[in-house]
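Heads up, my_file12.cif below (mmCIF, C-alpha atoms):
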data_query
loop_
_atom_site.label_atom_id
_atom_site.label_comp_id
_atom_site.auth_asym_id
_atom_site.auth_seq_id
_atom_site.Cartn_x
_atom_site.Cartn_y
_atom_site.Cartn_z
CA MET B 1 -16.03 -16.09 49.80
CA CYS B 2 -18.98 -14.47 48.05
CA ALA B 3 -22.48 -15.16 49.34
CA PRO B 4 -23.65 -18.69 48.39
CA ARG B 5 -27.00 -17.35 47.16
CA ILE B 6 -25.25 -14.99 44.72
CA VAL B 7 -23.05 -17.75 43.37
CA ARG B 8 -26.01 -20.13 43.05
CA LEU B 9 -28.08 -17.60 41.14
CA ALA B 10 -25.15 -16.75 38.90
CA HIS B 11 -24.55 -20.38 38.00
CA GLU B 12 -28.26 -21.08 37.49
CA ASN B 13 -28.54 -18.18 35.08
CA ALA B 14 -25.32 -19.23 33.37
CA ALA B 15 -26.90 -22.58 32.58
CA ARG B 16 -29.73 -20.88 30.69
CA PRO B 17 -28.67 -19.15 27.44
CA SER B 18 -30.15 -15.67 27.07
CA ARG B 19 -32.74 -14.81 24.43
CA ARG B 20 -29.95 -13.35 22.34
CA ALA B 21 -28.88 -16.92 21.67
CA LEU B 22 -31.90 -17.14 19.38
CA PHE B 23 -30.57 -14.39 17.13
CA ALA B 24 -27.83 -15.63 14.82
CA ALA B 25 -25.36 -16.75 17.47
CA ALA B 26 -23.18 -18.40 14.89
CA GLY B 27 -23.00 -15.26 12.77
CA LEU B 28 -22.10 -13.09 15.73
CA THR B 29 -19.40 -15.51 16.79
CA ALA B 30 -17.88 -15.37 13.32
CA LEU B 31 -17.97 -11.58 13.42
CA ALA B 32 -16.17 -11.55 16.77
CA ALA B 33 -13.52 -13.93 15.47
CA ALA B 34 -12.85 -11.65 12.51
CA ALA B 35 -12.52 -8.52 14.64
CA PRO B 36 -9.01 -7.27 15.47
CA PRO B 37 -7.78 -7.90 19.02
CA ALA B 38 -8.64 -5.22 21.57
CA ARG B 39 -5.89 -2.72 22.30
CA ALA B 40 -5.27 -0.92 25.54
CA VAL B 41 -6.40 2.69 25.39
CA PRO B 42 -3.54 5.00 26.41
CA ALA B 43 -4.20 7.25 29.37
CA ALA B 44 -5.23 10.75 28.40
CA ARG B 45 -2.60 13.36 29.17
CA GLY B 46 -3.49 15.19 32.33
CA VAL B 47 -5.68 12.45 33.79
CA LEU B 48 -4.27 10.40 36.70
CA ASP B 49 -6.08 7.30 37.88
CA LEU B 50 -6.21 7.15 41.68
CA THR B 51 -7.96 3.77 41.68
CA HIS B 52 -6.68 0.27 42.35
CA THR B 53 -7.97 -2.47 40.04
CA LEU B 54 -10.62 -4.35 41.99
CA GLY B 55 -9.77 -8.03 42.23
CA PRO B 56 -9.64 -10.92 44.70
CA GLY B 57 -6.00 -10.26 45.63
CA LEU B 58 -6.48 -6.76 47.02
CA PRO B 59 -5.90 -6.34 50.77
CA ARG B 60 -9.06 -6.37 52.90
CA TRP B 61 -10.04 -6.46 56.55
CA PRO B 62 -10.10 -9.93 58.13
CA GLY B 63 -13.51 -11.51 57.68
CA THR B 64 -14.31 -9.55 54.54
CA PRO B 65 -14.80 -11.90 51.57
CA PRO B 66 -12.75 -11.28 48.42
CA PHE B 67 -14.14 -9.66 45.30
CA THR B 68 -15.56 -12.47 43.14
CA THR B 69 -16.40 -12.68 39.45
CA VAL B 70 -18.65 -15.43 38.07
CA PRO B 71 -19.09 -15.64 34.26
CA VAL B 72 -22.79 -15.96 33.37
CA ALA B 73 -22.84 -15.34 29.59
CA TRP B 74 -20.40 -16.07 26.79
CA HIS B 75 -19.84 -14.65 23.32
CA ALA B 76 -20.02 -18.16 21.88
CA ILE B 77 -23.58 -18.52 23.19
CA GLY B 78 -25.65 -15.48 22.31
CA GLY B 79 -22.86 -13.12 21.31
CA PHE B 80 -22.41 -11.27 24.61
CA GLY B 81 -20.11 -11.78 27.58
CA GLN B 82 -21.31 -10.99 31.10
CA ASN B 83 -20.17 -11.57 34.67
CA ALA B 84 -21.99 -11.63 37.99
CA LEU B 85 -20.07 -9.73 40.65
CA ALA B 86 -20.02 -10.29 44.40
CA TYR B 87 -18.28 -7.94 46.81
CA TRP B 88 -18.79 -6.13 50.08
CA GLU B 89 -19.41 -2.39 49.71
CA HIS B 90 -16.14 -1.42 51.36
CA SER B 91 -13.81 -3.24 48.97
CA GLY B 92 -10.87 -1.91 46.98
CA THR B 93 -10.75 1.82 46.31
CA HIS B 94 -14.10 2.72 47.79
CA LEU B 95 -16.25 5.48 49.18
CA ASP B 96 -17.55 5.71 52.75
CA ALA B 97 -20.91 7.48 52.84
CA PRO B 98 -22.00 9.11 56.12
CA ALA B 99 -24.42 6.18 56.65
CA HIS B 100 -21.38 3.92 57.09
CA ARG B 101 -20.77 5.45 60.52
CA VAL B 102 -23.91 7.44 61.36
CA PRO B 103 -27.34 5.82 61.79
CA GLY B 104 -29.71 7.63 59.44
CA GLY B 105 -26.79 9.32 57.67
CA VAL B 106 -26.68 10.16 53.97
CA THR B 107 -26.45 7.06 51.75
CA THR B 108 -24.58 6.64 48.48
CA ASP B 109 -27.62 7.45 46.32
CA ALA B 110 -28.22 10.74 48.16
CA LEU B 111 -24.71 12.22 48.02
CA ALA B 112 -24.61 15.73 46.57
CA VAL B 113 -23.16 15.35 43.07
CA ALA B 114 -21.55 18.80 43.28
CA ASP B 115 -19.34 17.44 46.09
CA LEU B 116 -17.98 14.65 43.89
CA VAL B 117 -15.96 17.06 41.73
CA ALA B 118 -13.62 19.15 43.86
CA PRO B 119 -10.20 20.79 44.13
CA LEU B 120 -7.67 18.11 45.07
CA VAL B 121 -5.29 18.65 47.97
CA VAL B 122 -2.61 16.02 48.68
CA ILE B 123 -0.82 16.16 52.03
CA ASP B 124 2.29 13.99 52.20
CA ILE B 125 3.14 12.23 55.47
CA SER B 126 5.03 9.39 53.79
CA ALA B 127 8.43 10.16 55.34
CA ARG B 128 7.01 9.91 58.84
CA ALA B 129 4.85 6.90 57.98
CA GLU B 130 7.90 5.03 56.69
CA ARG B 131 9.44 5.30 60.14
CA ASP B 132 6.21 4.86 62.11
CA PRO B 133 3.41 2.69 60.71
CA ASP B 134 1.02 4.24 63.26
CA ALA B 135 1.61 7.76 61.93
CA ALA B 136 -1.47 9.93 61.51
CA LEU B 137 -2.19 13.23 59.79
CA THR B 138 -2.06 16.06 62.35
CA ILE B 139 -3.24 19.66 62.46
CA ASP B 140 0.42 20.69 62.16
CA ASP B 141 0.66 18.75 58.88
CA ILE B 142 -2.36 20.64 57.55
CA GLU B 143 -1.08 24.03 58.65
CA ASN B 144 2.40 23.35 57.28
CA TRP B 145 0.82 22.43 53.94
CA GLN B 146 -1.03 25.75 53.94
CA ILE B 147 2.15 27.69 54.72
CA GLU B 148 3.75 26.16 51.62
CA HIS B 149 0.80 26.02 49.23
CA GLY B 150 -1.73 28.54 50.48
CA ARG B 151 -5.09 28.11 52.13
CA ILE B 152 -6.94 24.87 51.40
CA PRO B 153 -9.78 25.80 49.02
CA GLU B 154 -13.29 25.53 50.43
CA ARG B 155 -15.15 22.40 49.29
CA ALA B 156 -11.84 20.65 48.55
CA PHE B 157 -11.12 16.92 48.76
CA VAL B 158 -8.05 16.27 50.92
CA ALA B 159 -6.07 13.08 50.29
CA VAL B 160 -3.41 11.86 52.73
CA HIS B 161 -0.38 10.30 51.03
CA SER B 162 1.28 7.92 53.49
CA GLY B 163 3.12 5.81 50.92
CA TRP B 164 1.36 2.70 52.26
CA GLU B 165 0.61 1.69 48.67
CA ARG B 166 4.07 0.17 48.54
CA HIS B 167 2.54 -2.84 50.34
CA ILE B 168 -0.42 -3.26 47.97
CA ASP B 169 0.87 -6.55 46.52
CA ASP B 170 1.40 -8.06 49.98
CA ALA B 171 -1.93 -8.23 51.79
CA ALA B 172 -0.32 -9.29 55.06
CA ALA B 173 2.08 -6.34 55.03
CA PHE B 174 -0.71 -3.96 54.05
CA LEU B 175 -2.86 -5.05 56.99
CA ASN B 176 0.28 -5.29 59.16
CA LEU B 177 -1.03 -7.29 62.10
CA ASP B 178 1.25 -7.59 65.10
CA ALA B 179 1.68 -10.75 67.21
CA GLY B 180 -1.47 -9.88 69.12
CA GLY B 181 -3.55 -9.51 65.95
CA VAL B 182 -3.62 -5.68 66.15
CA PRO B 183 -3.24 -3.87 62.79
CA HIS B 184 -0.79 -1.02 62.28
CA ALA B 185 -1.15 1.43 59.37
CA PRO B 186 -1.28 5.22 58.94
CA GLY B 187 -4.41 7.36 58.82
CA VAL B 188 -5.95 10.61 60.04
CA SER B 189 -6.05 11.78 63.65
CA PRO B 190 -9.49 12.76 65.02
CA ASP B 191 -8.29 16.32 65.67
CA ALA B 192 -7.05 16.70 62.11
CA ALA B 193 -10.28 15.25 60.74
CA ALA B 194 -12.34 17.75 62.77
CA TYR B 195 -10.06 20.58 61.61
CA LEU B 196 -10.59 19.64 57.96
CA VAL B 197 -14.38 19.58 58.16
CA GLN B 198 -14.84 22.52 60.54
CA ARG B 199 -12.07 24.94 59.58
CA CYS B 200 -11.38 23.97 55.97
CA GLU B 201 -14.93 22.94 55.02
CA VAL B 202 -13.76 20.02 52.88
CA VAL B 203 -16.24 17.82 51.01
CA GLY B 204 -14.31 14.65 51.75
CA VAL B 205 -11.08 13.07 52.94
CA GLY B 206 -9.14 10.22 51.34
CA VAL B 207 -6.36 7.85 52.37
CA ASP B 208 -4.18 5.23 50.68
CA THR B 209 -4.80 2.71 53.49
CA LEU B 210 -7.74 0.54 54.53
CA SER B 211 -9.15 3.11 56.94
CA LEU B 212 -9.54 6.86 57.47
CA ASP B 213 -8.40 6.23 61.03
CA HIS B 214 -4.92 4.95 61.66
CA ALA B 215 -5.35 1.22 62.15
CA LEU B 216 -4.47 1.33 65.85
CA SER B 217 -7.52 3.50 66.59
CA ARG B 218 -10.24 1.93 68.72
CA ASP B 219 -12.80 4.76 68.75
CA GLN B 220 -12.72 5.47 64.98
CA GLY B 221 -12.59 9.19 65.72
CA ALA B 222 -11.65 10.26 62.20
CA HIS B 223 -14.59 8.34 60.74
CA THR B 224 -16.89 9.97 63.28
CA ALA B 225 -15.59 13.49 62.63
CA ILE B 226 -15.75 13.22 58.84
CA LEU B 227 -18.84 11.08 58.23
CA GLY B 228 -20.62 12.57 61.23
CA ALA B 229 -20.32 15.98 59.59
CA GLY B 230 -22.08 14.69 56.49
CA ARG B 231 -18.87 14.46 54.45
CA TYR B 232 -17.58 11.35 52.70
CA GLY B 233 -14.35 9.40 52.82
CA VAL B 234 -12.44 7.43 50.20
CA GLU B 235 -10.13 4.62 51.27
CA MET B 236 -7.38 2.70 49.44
CA LEU B 237 -6.55 5.44 46.95
CA ALA B 238 -3.78 4.72 44.44
CA ASN B 239 -0.99 6.80 42.89
CA LEU B 240 -1.12 9.69 45.36
CA GLY B 241 2.64 9.98 45.07
CA ALA B 242 2.20 11.00 41.43
CA ALA B 243 -0.52 13.58 42.16
CA PRO B 244 0.36 17.26 42.64
CA ALA B 245 0.03 18.71 46.13
CA SER B 246 -2.36 21.34 44.78
CA GLY B 247 -3.90 22.58 41.57
CA ALA B 248 -5.61 19.39 40.37
CA THR B 249 -9.32 18.57 40.33
CA VAL B 250 -10.60 15.23 41.61
CA VAL B 251 -13.59 13.39 40.18
CA ILE B 252 -15.11 10.76 42.47
CA GLY B 253 -17.06 8.21 40.42
CA ALA B 254 -19.18 7.31 43.43
CA PRO B 255 -21.54 4.34 43.53
CA LYS B 256 -25.29 5.08 43.46
CA HIS B 257 -27.16 2.12 44.85
CA LEU B 258 -30.21 2.65 47.02
CA GLY B 259 -29.45 2.83 50.72
CA GLY B 260 -25.73 2.15 50.28
CA THR B 261 -23.20 2.81 53.02
CA GLY B 262 -20.43 3.02 50.45
CA GLY B 263 -19.00 1.15 47.52
CA PRO B 264 -16.13 0.78 45.05
CA CYS B 265 -15.52 3.93 43.04
CA ARG B 266 -13.33 5.19 40.19
CA VAL B 267 -11.31 8.22 41.28
CA LEU B 268 -9.60 10.45 38.72
CA ALA B 269 -7.32 13.45 39.20
CA LEU B 270 -7.45 16.01 36.40
CA THR B 271 -4.05 17.61 36.34
#
Please lay out the structure from this file as structure tokens.
Amino acid sequence: MCAPRIVRLAHENAARPSRRALFAAAGLTALAAAAPPARAVPAARGVLDLTHTLGPGLPRWPGTPPFTTVPVAWHAIGGFGQNALAYWEHSGTHLDAPAHRVPGGVTTDALAVADLVAPLVVIDISARAERDPDAALTIDDIENWQIEHGRIPERAFVAVHSGWERHIDDAAAFLNLDAGGVPHAPGVSPDAAAYLVQRCEVVGVGVDTLSLDHALSRDQGAHTAILGAGRYGVEMLANLGAAPASGATVVIGAPKHLGGTGGPCRVLALT
């Protein structure tokens, strides 16, 4: 669950109406009641959301508390709604900063903003991952992609589409623990990760699973190769099957909290 201190502070603040309650709360409530109901804004053509909605039901590593929302202000008291949020940095669709793996590495607030907008490359290993949950992106996969689509652009963001998103509504299947408690899910091999940062000079690497490394990894070699090179990772991407293999631009709405090792982010593909 979320940290007890966070919940306690949220509830204590919720018990005290904000100063806005002094300013015509009744009138504001009446205005809200008269307003038309909110309508969903249709997605802009050419913009694909690669982000899962952050909520308590999303898959997470064992021991990681769920995302938690605590209401702390209400429209009926003061005219404004507000929630306190509690979550671990590496929850939902989220960014891994180099500091996540490397002591003294770059933190979320120090990421180069120019690296957060990049050519998007999507490499599909879903057919193999459907047969083998321990499948990992290989150098051959990268080179075969380049034979078909051309050289990976420098400063690109490479996303690995394993199709694992099909398990997103079943946390147990997404984590996929065997009888011995060992997880099985696709990812990136250490050799492929090193190839991407050294030969292709990518700004970052993304996956649609919980980890850059395939879940069976014990040395976290892909994390080390990518984050150790000062690049970033994004885990639990959504909708990669709908993204083009090449030609799109990705925008990583990275978190910017002081000293962060990562955090939930909004990822958009401009197609």
(message) Calculated over all atoms listed in the file, which of the candidates B:Val207, B:Ile152, B:Ala193, B:Val188 has the smallest distance to Ala118 of chain B?
(response) B:Ile152
(request) Give the answer as one residue: which of B:Asp219, B:Glu143, B:Asp124, B:Asp109 has the shortest atom-to-atom distance to Pro186 of chain B, using all atoms listed in the file? (result)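 Using all atoms listed in the file, Pro186 of chain B sits closest to B:Asp124.
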(message) Quick check, in Å to one decimal: how far apart do atom CA of Ala254 of chain B and atom CA of Leu120 of chain B lie?
(response)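 We find that atom CA of Ala254 of chain B and atom CA of Leu120 of chain B lie 15.9 Å from each other.
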(message) Using only C-alpha atoms, can you tell me which of B:His90, B:Lys256, B:Arg101, B:His52 comes closest to Gly230 of chain B?
(response)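 Checking each of B:His90, B:Lys256, B:Arg101, B:His52 against Gly230 of chain B, counting only C-alpha atoms, the winner is B:Arg101.
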(request) Name the closest residue to Pro153 of chain B among the candidates B:Cys200, B:Leu48, B:Leu237, B:Val267; distances are taken between atoms, counting only C-alpha atoms. (result)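 For Pro153 of chain B, the nearest of the candidates is B:Cys200.
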(message) Nearest residue to Ile123 of chain B out of B:Ser246, B:Thr261, B:Thr209, B:Thr51, using all atoms listed in the file?
(response)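 Checking each candidate against Ile123 of chain B, we get B:Ser246 as the closest.
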(message) Nearest residue to Gly233 of chain B out of B:Cys265, B:Ala171, B:Ala185, B:Ala215, using all atoms listed in the file?
(response)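 Nearest to Gly233 of chain B: B:Cys265.
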(request) May I ask for the distance between atom CA of Ser217 of chain B and atom CA of Val203 of chain B, given in Å to one decimal place? (result)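 Spanning atom CA of Ser217 of chain B to atom CA of Val203 of chain B is a straight-line distance of 22.9 Å.
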Spell out the residues picked by the PyMOL selection byres ((chain B and resi 67) around 9) here, as a compact mmCIF listing (two decimals) with C-alpha atoms, keeping the file's coordinate frame.
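Result file is result08.txt:
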# COMPACT_ATOMS: atom_id res chain seq x y z
CA MET B 1 -16.03 -16.09 49.80
CA CYS B 2 -18.98 -14.47 48.05
CA LEU B 54 -10.62 -4.35 41.99
CA GLY B 55 -9.77 -8.03 42.23
CA PRO B 56 -9.64 -10.92 44.70
CA GLY B 57 -6.00 -10.26 45.63
CA LEU B 58 -6.48 -6.76 47.02
CA PRO B 65 -14.80 -11.90 51.57
CA PRO B 66 -12.75 -11.28 48.42
CA THR B 68 -15.56 -12.47 43.14
CA THR B 69 -16.40 -12.68 39.45
CA LEU B 85 -20.07 -9.73 40.65
CA ALA B 86 -20.02 -10.29 44.40
CA TYR B 87 -18.28 -7.94 46.81
CA TRP B 88 -18.79 -6.13 50.08
CA SER B 91 -13.81 -3.24 48.97
CA GLY B 92 -10.87 -1.91 46.98
(message) Need the shell around Ala243 of chain B: protein/DNA/RNA residues with any atom at most 12 Å away, counting all atoms listed in the file. Skip same-chain ones fewer than 2 positions apart. Format as a PyMOL selection string?
(response) chain B and resi 46-50+120-124+158-161+237-241+245-250+268-271
(message) Residues near Asp191 of chain B, anyone? I mean within 12 Å using all atoms listed in the file, not counting same-chain ones fewer than 6 positions away, as a list of chain:residue names.
(response) B:Ala136, B:Leu137, B:Thr138, B:Ile139, B:Asp140, B:Asp141, B:Ile142, B:Val197, B:Gln198, B:Arg199, B:Asp213, B:Gln220, B:Gly221, B:Ala222, B:His223, B:Thr224, B:Ala225, B:Ile226
Write out as lines of an AutoDock Vina configuration file an axis-aligned box for segment 129-148 of chain B: all of its atoms listed in the file, 8 Å added on each side, centre and edge lengths in Å with one decimal.
center_x = 3.1
center_y = 15.2
center_z = 57.4
size_x = 28.7
size_y = 41.0
size_z = 27.6
(request) With the file shown as input, list the residues that the PyMOL selection byres ((chain B and resi 62) around 12) selects, as an MDAnalysis selection string. (result) chainID B and resid 1 59:61 63:66 91 171:172 174:177 181:183 210
(request) Record the distance separating atom CA of Glu89 of chain B and atom CA of Ala156 of chain B, expressed in Å with one decimal. (result)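 Atom CA of Ala156 of chain B lies 24.3 Å from atom CA of Glu89 of chain B.
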(message) Residues near Gly260 of chain B, anyone? I mean within 8 Å using all atoms listed in the file, not counting same-chain ones fewer than 2 positions away, as a list in words.
(response)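 Final neighbour list, sorted by chain and number: Glu89, Ala97, Ala99, Thr107, Thr108, Asp109, Lys256, His257, Leu258, Gly262 and Gly263 of chain B.
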(request) Find the residues around Val102 of chain B up to 8 Å (all atoms listed in the file counted), leave out those fewer than 4 positions away in its own chain, and share them as a ChimeraX atom specification. (result) /B:98,224,227-228
Produce a file of the selected residues containing C-alpha atoms, as a CSV table (one decimal), in the frame of the given file.
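For reference, out_36.csv as written:
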chain,number,residue,atom,x,y,z
B,98,PRO,CA,-22.0,9.1,56.1
B,224,THR,CA,-16.9,10.0,63.3
B,227,LEU,CA,-18.8,11.1,58.2
B,228,GLY,CA,-20.6,12.6,61.2
(message) Can you translate the PyMOL selection byres ((chain B and resi 162) around 6) into the concrete residues it hits in this file, as a ChimeraX atom specification?
(response) /B:125-126,129,161,163-164
Using the block above, I'd like segment 109-134 of chain B written out, keeping N, CA, C and O atoms and formatting it as a PDB file, in the first residue's frame.
ATOM      1  N   ASP B 109      15.679  15.027 -13.347  1.00  0.00           N
ATOM      2  CA  ASP B 109      15.675  16.478 -13.540  1.00  0.00           C
ATOM      3  C   ASP B 109      16.823  16.961 -14.411  1.00  0.00           C
ATOM      4  O   ASP B 109      16.814  18.108 -14.871  1.00  0.00           O
ATOM      5  N   ALA B 110      17.814  16.098 -14.667  1.00  0.00           N
ATOM      6  CA  ALA B 110      18.991  16.507 -15.428  1.00  0.00           C
ATOM      7  C   ALA B 110      19.046  15.882 -16.820  1.00  0.00           C
ATOM      8  O   ALA B 110      20.029  16.050 -17.541  1.00  0.00           O
ATOM      9  N   LEU B 111      17.998  15.163 -17.223  1.00  0.00           N
ATOM     10  CA  LEU B 111      17.979  14.580 -18.559  1.00  0.00           C
ATOM     11  C   LEU B 111      18.002  15.680 -19.620  1.00  0.00           C
ATOM     12  O   LEU B 111      17.354  16.722 -19.464  1.00  0.00           O
ATOM     13  N   ALA B 112      18.733  15.440 -20.700  1.00  0.00           N
ATOM     14  CA  ALA B 112      18.784  16.414 -21.790  1.00  0.00           C
ATOM     15  C   ALA B 112      17.429  16.452 -22.496  1.00  0.00           C
ATOM     16  O   ALA B 112      16.969  15.430 -23.021  1.00  0.00           O
ATOM     17  N   VAL B 113      16.786  17.606 -22.517  1.00  0.00           N
ATOM     18  CA  VAL B 113      15.444  17.689 -23.094  1.00  0.00           C
ATOM     19  C   VAL B 113      15.452  17.362 -24.582  1.00  0.00           C
ATOM     20  O   VAL B 113      14.460  16.848 -25.119  1.00  0.00           O
ATOM     21  N   ALA B 114      16.565  17.643 -25.267  1.00  0.00           N
ATOM     22  CA  ALA B 114      16.630  17.344 -26.699  1.00  0.00           C
ATOM     23  C   ALA B 114      16.515  15.849 -26.962  1.00  0.00           C
ATOM     24  O   ALA B 114      16.104  15.431 -28.056  1.00  0.00           O
ATOM     25  N   ASP B 115      16.863  15.021 -25.963  1.00  0.00           N
ATOM     26  CA  ASP B 115      16.792  13.571 -26.138  1.00  0.00           C
ATOM     27  C   ASP B 115      15.394  13.009 -25.890  1.00  0.00           C
ATOM     28  O   ASP B 115      15.172  11.812 -26.090  1.00  0.00           O
ATOM     29  N   LEU B 116      14.477  13.856 -25.457  1.00  0.00           N
ATOM     30  CA  LEU B 116      13.123  13.392 -25.146  1.00  0.00           C
ATOM     31  C   LEU B 116      12.171  13.515 -26.330  1.00  0.00           C
ATOM     32  O   LEU B 116      11.005  13.125 -26.248  1.00  0.00           O
ATOM     33  N   VAL B 117      12.647  14.064 -27.425  1.00  0.00           N
ATOM     34  CA  VAL B 117      11.917  14.103 -28.692  1.00  0.00           C
ATOM     35  C   VAL B 117      12.841  13.486 -29.727  1.00  0.00           C
ATOM     36  O   VAL B 117      13.936  14.006 -29.972  1.00  0.00           O
ATOM     37  N   ALA B 118      12.432  12.362 -30.323  1.00  0.00           N
ATOM     38  CA  ALA B 118      13.374  11.596 -31.136  1.00  0.00           C
ATOM     39  C   ALA B 118      12.645  10.811 -32.224  1.00  0.00           C
ATOM     40  O   ALA B 118      11.443  10.528 -32.101  1.00  0.00           O
ATOM     41  N   PRO B 119      13.352  10.421 -33.280  1.00  0.00           N
ATOM     42  CA  PRO B 119      12.770   9.496 -34.245  1.00  0.00           C
ATOM     43  C   PRO B 119      12.401   8.190 -33.534  1.00  0.00           C
ATOM     44  O   PRO B 119      13.175   7.690 -32.708  1.00  0.00           O
ATOM     45  N   LEU B 120      11.234   7.658 -33.854  1.00  0.00           N
ATOM     46  CA  LEU B 120      10.781   6.422 -33.236  1.00  0.00           C
ATOM     47  C   LEU B 120      11.047   5.233 -34.147  1.00  0.00           C
ATOM     48  O   LEU B 120      10.670   5.242 -35.315  1.00  0.00           O
ATOM     49  N   VAL B 121      11.685   4.233 -33.586  1.00  0.00           N
ATOM     50  CA  VAL B 121      11.920   2.962 -34.272  1.00  0.00           C
ATOM     51  C   VAL B 121      11.235   1.873 -33.460  1.00  0.00           C
ATOM     52  O   VAL B 121      11.429   1.786 -32.246  1.00  0.00           O
ATOM     53  N   VAL B 122      10.402   1.055 -34.113  1.00  0.00           N
ATOM     54  CA  VAL B 122       9.726  -0.051 -33.434  1.00  0.00           C
ATOM     55  C   VAL B 122      10.184  -1.362 -34.065  1.00  0.00           C
ATOM     56  O   VAL B 122       9.996  -1.589 -35.262  1.00  0.00           O
ATOM     57  N   ILE B 123      10.800  -2.203 -33.255  1.00  0.00           N
ATOM     58  CA  ILE B 123      11.261  -3.514 -33.717  1.00  0.00           C
ATOM     59  C   ILE B 123      10.345  -4.585 -33.133  1.00  0.00           C
ATOM     60  O   ILE B 123      10.180  -4.672 -31.909  1.00  0.00           O
ATOM     61  N   ASP B 124       9.755  -5.369 -34.002  1.00  0.00           N
ATOM     62  CA  ASP B 124       8.718  -6.331 -33.617  1.00  0.00           C
ATOM     63  C   ASP B 124       9.316  -7.717 -33.405  1.00  0.00           C
ATOM     64  O   ASP B 124       9.857  -8.327 -34.331  1.00  0.00           O
ATOM     65  N   ILE B 125       9.232  -8.211 -32.164  1.00  0.00           N
ATOM     66  CA  ILE B 125       9.652  -9.597 -31.875  1.00  0.00           C
ATOM     67  C   ILE B 125       8.464 -10.407 -31.357  1.00  0.00           C
ATOM     68  O   ILE B 125       8.643 -11.446 -30.721  1.00  0.00           O
ATOM     69  N   SER B 126       7.247  -9.915 -31.633  1.00  0.00           N
ATOM     70  CA  SER B 126       6.055 -10.496 -31.013  1.00  0.00           C
ATOM     71  C   SER B 126       5.810 -11.950 -31.429  1.00  0.00           C
ATOM     72  O   SER B 126       5.328 -12.748 -30.619  1.00  0.00           O
ATOM     73  N   ALA B 127       6.134 -12.303 -32.678  1.00  0.00           N
ATOM     74  CA  ALA B 127       5.896 -13.685 -33.111  1.00  0.00           C
ATOM     75  C   ALA B 127       6.757 -14.644 -32.302  1.00  0.00           C
ATOM     76  O   ALA B 127       6.289 -15.704 -31.863  1.00  0.00           O
ATOM     77  N   ARG B 128       8.008 -14.275 -32.087  1.00  0.00           N
ATOM     78  CA  ARG B 128       8.885 -15.142 -31.306  1.00  0.00           C
ATOM     79  C   ARG B 128       8.503 -15.142 -29.828  1.00  0.00           C
ATOM     80  O   ARG B 128       8.546 -16.175 -29.155  1.00  0.00           O
ATOM     81  N   ALA B 129       8.113 -13.973 -29.319  1.00  0.00           N
ATOM     82  CA  ALA B 129       7.742 -13.869 -27.906  1.00  0.00           C
ATOM     83  C   ALA B 129       6.463 -14.624 -27.590  1.00  0.00           C
ATOM     84  O   ALA B 129       6.268 -15.075 -26.462  1.00  0.00           O
ATOM     85  N   GLU B 130       5.602 -14.807 -28.601  1.00  0.00           N
ATOM     86  CA  GLU B 130       4.376 -15.574 -28.361  1.00  0.00           C
ATOM     87  C   GLU B 130       4.699 -17.045 -28.137  1.00  0.00           C
ATOM     88  O   GLU B 130       4.016 -17.731 -27.379  1.00  0.00           O
ATOM     89  N   ARG B 131       5.757 -17.510 -28.772  1.00  0.00           N
ATOM     90  CA  ARG B 131       6.170 -18.908 -28.597  1.00  0.00           C
ATOM     91  C   ARG B 131       7.073 -19.078 -27.378  1.00  0.00           C
ATOM     92  O   ARG B 131       7.057 -20.121 -26.727  1.00  0.00           O
ATOM     93  N   ASP B 132       7.870 -18.036 -27.090  1.00  0.00           N
ATOM     94  CA  ASP B 132       8.873 -18.131 -26.026  1.00  0.00           C
ATOM     95  C   ASP B 132       8.801 -16.890 -25.144  1.00  0.00           C
ATOM     96  O   ASP B 132       9.262 -15.817 -25.535  1.00  0.00           O
ATOM     97  N   PRO B 133       8.233 -17.009 -23.947  1.00  0.00           N
ATOM     98  CA  PRO B 133       8.107 -15.834 -23.088  1.00  0.00           C
ATOM     99  C   PRO B 133       9.444 -15.259 -22.634  1.00  0.00           C
ATOM    100  O   PRO B 133       9.493 -14.122 -22.152  1.00  0.00           O
ATOM    101  N   ASP B 134      10.536 -16.002 -22.811  1.00  0.00           N
ATOM    102  CA  ASP B 134      11.859 -15.514 -22.438  1.00  0.00           C
ATOM    103  C   ASP B 134      12.602 -14.920 -23.638  1.00  0.00           C
ATOM    104  O   ASP B 134      13.811 -14.663 -23.564  1.00  0.00           O
TER     105      ASP B 134
END
